[in-house]
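With mmCIF, C-alpha atoms and all ligand atoms inside, this is work00.cif:
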```
data_entry
loop_
_atom_site.group_PDB
_atom_site.id
_atom_site.type_symbol
_atom_site.label_atom_id
_atom_site.label_comp_id
_atom_site.auth_asym_id
_atom_site.auth_seq_id
_atom_site.Cartn_x
_atom_site.Cartn_y
_atom_site.Cartn_z
ATOM 1 C CA MET A 33 -182.452 -125.305 -29.598
ATOM 2 C CA ARG A 34 -185.280 -122.886 -29.491
ATOM 3 C CA GLY A 35 -188.573 -123.544 -27.882
ATOM 4 C CA ARG A 36 -190.757 -125.794 -29.925
ATOM 5 C CA TRP A 37 -193.706 -124.274 -31.666
ATOM 6 C CA HIS A 38 -196.904 -125.554 -30.213
ATOM 7 C CA ALA A 39 -200.296 -125.521 -31.830
ATOM 8 C CA PRO A 40 -202.357 -122.729 -30.359
ATOM 9 C CA GLU A 41 -205.699 -123.723 -28.945
ATOM 10 C CA HIS A 42 -207.663 -120.859 -30.355
ATOM 11 C CA LEU A 43 -207.329 -119.266 -33.755
ATOM 12 C CA VAL A 44 -209.307 -116.731 -35.718
ATOM 13 C CA CYS A 45 -211.135 -117.972 -38.783
ATOM 14 C CA THR A 46 -209.774 -116.249 -41.879
ATOM 15 C CA ARG A 47 -213.237 -115.902 -43.361
ATOM 16 C CA CYS A 48 -215.620 -114.818 -40.643
ATOM 17 C CA GLY A 49 -213.023 -113.556 -38.214
ATOM 18 C CA ARG A 50 -214.540 -115.363 -35.289
ATOM 19 C CA GLN A 51 -212.514 -117.143 -32.695
ATOM 20 C CA ARG A 52 -212.513 -120.889 -33.053
ATOM 21 C CA GLU A 53 -210.816 -123.839 -31.522
ATOM 22 C CA ALA A 54 -207.796 -124.734 -33.595
ATOM 23 C CA HIS A 55 -209.008 -128.189 -34.520
ATOM 24 C CA GLN A 56 -212.139 -126.712 -36.050
ATOM 25 C CA LEU A 57 -210.155 -124.842 -38.655
ATOM 26 C CA ASP A 58 -208.862 -126.430 -41.800
ATOM 27 C CA ARG A 59 -205.658 -125.885 -43.733
ATOM 28 C CA ILE A 60 -206.507 -122.369 -44.860
ATOM 29 C CA LEU A 61 -208.041 -121.565 -41.480
ATOM 30 C CA TRP A 62 -211.696 -121.693 -42.320
ATOM 31 C CA CYS A 63 -214.111 -122.786 -39.660
ATOM 32 C CA ASP A 64 -216.815 -125.399 -40.184
ATOM 33 C CA ASP A 65 -219.534 -122.797 -40.583
ATOM 34 C CA CYS A 66 -217.619 -120.957 -43.275
ATOM 35 C CA ARG A 67 -216.883 -124.167 -45.171
ATOM 36 C CA ARG A 68 -220.536 -125.105 -45.045
ATOM 37 C CA ALA A 69 -221.630 -121.661 -46.151
ATOM 38 C CA ALA A 70 -219.131 -121.700 -49.021
ATOM 39 C CA ARG A 71 -220.321 -125.140 -50.068
ATOM 40 C CA ARG A 72 -223.944 -124.042 -50.043
ATOM 41 C CA HIS A 73 -223.043 -120.949 -51.996
ATOM 42 C CA ALA A 74 -221.060 -122.990 -54.526
ATOM 43 C CA ALA A 75 -223.859 -125.549 -54.853
ATOM 44 C CA LEU A 76 -226.439 -122.840 -55.472
ATOM 45 C CA TRP A 77 -224.390 -121.067 -58.127
ATOM 46 C CA GLY A 78 -223.383 -124.378 -59.637
ATOM 47 C CA ARG A 79 -227.047 -125.226 -60.102
ATOM 48 C CA LEU A 80 -227.897 -121.796 -61.465
ATOM 49 C CA SER A 81 -225.128 -121.903 -64.039
ATOM 50 C CA ALA A 82 -226.095 -125.444 -64.975
ATOM 51 C CA VAL A 83 -229.703 -124.319 -65.454
ATOM 52 C CA ALA A 84 -228.526 -121.520 -67.728
ATOM 53 C CA ALA A 85 -226.376 -123.958 -69.691
ATOM 54 C CA ALA A 86 -229.234 -126.445 -69.947
ATOM 55 C CA VAL A 87 -231.601 -123.751 -71.244
ATOM 56 C CA ALA A 88 -229.030 -122.734 -73.832
ATOM 57 C CA LEU A 89 -228.597 -126.362 -74.817
ATOM 58 C CA ILE A 90 -232.364 -126.842 -75.155
ATOM 59 C CA LEU A 91 -232.629 -123.730 -77.333
ATOM 60 C CA TRP A 92 -229.736 -124.912 -79.474
ATOM 61 C CA ILE A 93 -231.262 -128.366 -79.867
ATOM 62 C CA THR A 94 -234.689 -126.933 -80.632
ATOM 63 C CA PHE A 95 -233.633 -124.375 -83.205
ATOM 64 C CA ALA A 96 -230.357 -125.684 -84.610
ATOM 65 C CA VAL A 97 -230.566 -129.441 -84.356
ATOM 66 C CA ARG A 98 -234.332 -129.725 -84.837
ATOM 67 C CA PRO A 99 -234.494 -133.329 -83.746
ATOM 68 C CA SER A 100 -237.220 -135.587 -85.031
ATOM 69 C CA ASN A 101 -239.647 -136.990 -82.518
ATOM 70 C CA ARG A 102 -237.815 -140.274 -82.520
ATOM 71 C CA PHE A 103 -234.762 -138.755 -80.875
ATOM 72 C CA LEU A 104 -236.437 -136.402 -78.424
ATOM 73 C CA GLY A 105 -235.875 -138.834 -75.574
ATOM 74 C CA ALA A 106 -232.181 -139.110 -76.347
ATOM 75 C CA TRP A 107 -231.803 -135.330 -76.489
ATOM 76 C CA ALA A 108 -233.675 -134.981 -73.220
ATOM 77 C CA GLY A 109 -231.238 -137.459 -71.710
ATOM 78 C CA ILE A 110 -228.321 -135.410 -72.997
ATOM 79 C CA VAL A 111 -229.756 -132.250 -71.458
ATOM 80 C CA VAL A 112 -230.292 -133.964 -68.117
ATOM 81 C CA ALA A 113 -226.791 -135.434 -68.141
ATOM 82 C CA ALA A 114 -225.282 -132.092 -69.104
ATOM 83 C CA TYR A 115 -227.177 -130.375 -66.310
ATOM 84 C CA TRP A 116 -226.110 -132.966 -63.751
ATOM 85 C CA LEU A 117 -222.464 -132.964 -64.739
ATOM 86 C CA GLY A 118 -222.411 -129.218 -65.255
ATOM 87 C CA SER A 119 -223.857 -128.402 -61.864
ATOM 88 C CA ARG A 120 -221.319 -130.628 -60.133
ATOM 89 C CA ALA A 121 -218.389 -129.355 -62.117
ATOM 90 C CA ALA A 122 -219.447 -125.745 -61.655
ATOM 91 C CA ARG A 123 -219.952 -126.307 -57.952
ATOM 92 C CA GLU A 124 -216.439 -127.644 -57.509
ATOM 93 C CA VAL A 125 -214.929 -124.876 -59.611
ATOM 94 C CA ILE A 126 -216.820 -122.167 -57.735
ATOM 95 C CA PHE A 127 -215.906 -123.676 -54.395
ATOM 96 C CA GLY A 128 -212.252 -123.883 -55.429
ATOM 97 C CA ILE A 129 -212.227 -120.292 -56.627
ATOM 98 C CA THR A 130 -213.864 -119.143 -53.419
ATOM 99 C CA ARG A 131 -211.170 -120.881 -51.416
ATOM 100 C CA ILE A 132 -208.306 -119.620 -53.539
ATOM 101 C CA THR A 133 -209.453 -116.029 -53.711
ATOM 102 C CA SER A 134 -210.382 -115.774 -50.064
ATOM 103 C CA ARG A 135 -208.417 -112.949 -48.528
ATOM 104 C CA PRO A 136 -207.466 -113.255 -44.925
ATOM 105 C CA ARG A 137 -208.850 -110.602 -42.665
ATOM 106 C CA GLY A 138 -206.527 -108.381 -40.755
ATOM 107 C CA ASN A 139 -206.349 -110.431 -37.621
ATOM 108 C CA ALA A 140 -206.968 -113.763 -39.247
ATOM 109 C CA GLY A 141 -205.016 -116.793 -38.282
ATOM 110 C CA LEU A 142 -203.416 -115.144 -35.299
ATOM 111 C CA GLU A 143 -203.395 -116.810 -32.008
ATOM 112 C CA VAL A 144 -205.937 -115.280 -29.717
ATOM 113 C CA LEU A 145 -204.096 -114.003 -26.737
ATOM 114 C CA PRO A 146 -205.596 -114.275 -23.308
ATOM 115 C CA GLY A 147 -207.474 -111.155 -22.352
ATOM 116 C CA THR A 148 -208.064 -109.912 -25.884
ATOM 117 C CA GLN A 149 -211.570 -109.292 -27.023
ATOM 118 C CA GLU A 150 -213.140 -111.631 -29.487
ATOM 119 C CA ALA A 151 -212.390 -110.185 -32.859
ATOM 120 C CA GLY A 152 -214.714 -109.278 -35.636
ATOM 121 C CA PRO A 153 -217.864 -107.258 -35.997
ATOM 122 C CA ALA A 154 -220.969 -109.288 -35.346
ATOM 123 C CA ASP A 155 -223.049 -108.333 -38.338
ATOM 124 C CA THR A 156 -220.740 -108.906 -41.271
ATOM 125 C CA GLU A 157 -221.808 -112.457 -41.759
ATOM 126 C CA GLU A 158 -223.131 -112.794 -45.231
ATOM 127 C CA GLU A 159 -226.403 -114.517 -45.664
ATOM 128 C CA TRP A 160 -226.199 -117.239 -48.262
ATOM 129 C CA ARG A 161 -229.552 -118.053 -49.684
ATOM 130 C CA ASP A 162 -230.407 -121.654 -49.847
ATOM 131 C CA GLY A 163 -231.291 -122.960 -53.246
ATOM 132 C CA PRO A 164 -234.182 -125.278 -53.833
ATOM 133 C CA GLY A 165 -233.680 -128.809 -52.632
ATOM 134 C CA THR A 166 -230.683 -128.304 -50.415
ATOM 135 C CA ALA A 167 -231.909 -131.245 -48.367
ATOM 136 C CA ALA A 168 -230.481 -133.541 -51.016
ATOM 137 C CA GLY A 169 -227.017 -134.284 -49.814
ATOM 138 C CA SER A 170 -223.923 -133.329 -51.721
ATOM 139 C CA GLY A 171 -222.760 -136.741 -52.705
HETATM 140 ZN ZN ZN A 201 -215.419 -118.851 -40.145
#
```
Just give me the structure of the file as structure tokens.
Amino acid sequence: MRGRWHAPEHLVCTRCGRQREAHQLDRILWCDDCRRAARRHAALWGRLSAVAAAVALILWITFAVRPSNRFLGAWAGIVVAAYWLGSRAAREVIFGITRITSRPRGNAGLEVLPGTQEAGPADTEEEWRDGPGTAAGSG
């Protein structure tokens, strides 16, 4: 029998390249900060694409459907529902794509050996802009 593999205590996040404790990394070796940043990013772009879709829907309803005043409320409800569902769906899709297409950095996922310098340049962290109303939790 060979020596048993043991979980290393420190690993390098595959996204930001910073050294983390192993339990802070998830299955694809992202740290908490990177997951949060990716979620924020996905939520922002999910909202933006939903806004674009809602505007297109409003234009289509206005110029193609030409609803009578009686049904304006119902159409408004459809637009709101489409926006709400669309932003959530887009957010999940964008988040999934971000996870799938994430390319490990050169030293990612490797056990940090004692005496090695902490890896990764300090200023490569991308700044995700917060969208409006990020205080509202992500269900
Ligand atoms: Zn990270």
Would you write out, as CSV, a table of all residues in chain A that have an atom no more than 7 Å from an atom of ligand ZN 201 (chain A), listing for each the closest atom pair and the distance in Å to one decimal, considering only C-alpha atoms and all ligand atoms and ordering rows by chain and rising residue number?
```
residue,atom,partner,partner_atom,distance
A:Cys45,CA,A:ZN201,ZN,4.6
A:Thr46,CA,A:ZN201,ZN,6.5
A:Arg47,CA,A:ZN201,ZN,4.9
A:Cys48,CA,A:ZN201,ZN,4.1
A:Gly49,CA,A:ZN201,ZN,6.1
A:Arg50,CA,A:ZN201,ZN,6.0
A:Trp62,CA,A:ZN201,ZN,5.2
A:Cys63,CA,A:ZN201,ZN,4.2
A:Asp64,CA,A:ZN201,ZN,6.7
A:Asp65,CA,A:ZN201,ZN,5.7
A:Cys66,CA,A:ZN201,ZN,4.4
```
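Considering all atoms listed in the file, the residue among A:His55, A:Arg102, A:Arg79, A:Arg135 positioned nearest to Trp116 of chain A is A:Arg79.
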Atom pair atom CA of Ala82 of chain A + atom CA of Val125 of chain A, distance 12.4 Å
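We find atom CA of Leu91 of chain A and atom CA of Gly118 of chain A to be spaced 16.7 Å apart.
Among A:Leu104, A:Ala54, A:Val111, A:Ala70, the residue with the shortest atom-to-atom distance to Val87 of chain A, counting all atoms listed in the file, is A:Val111.
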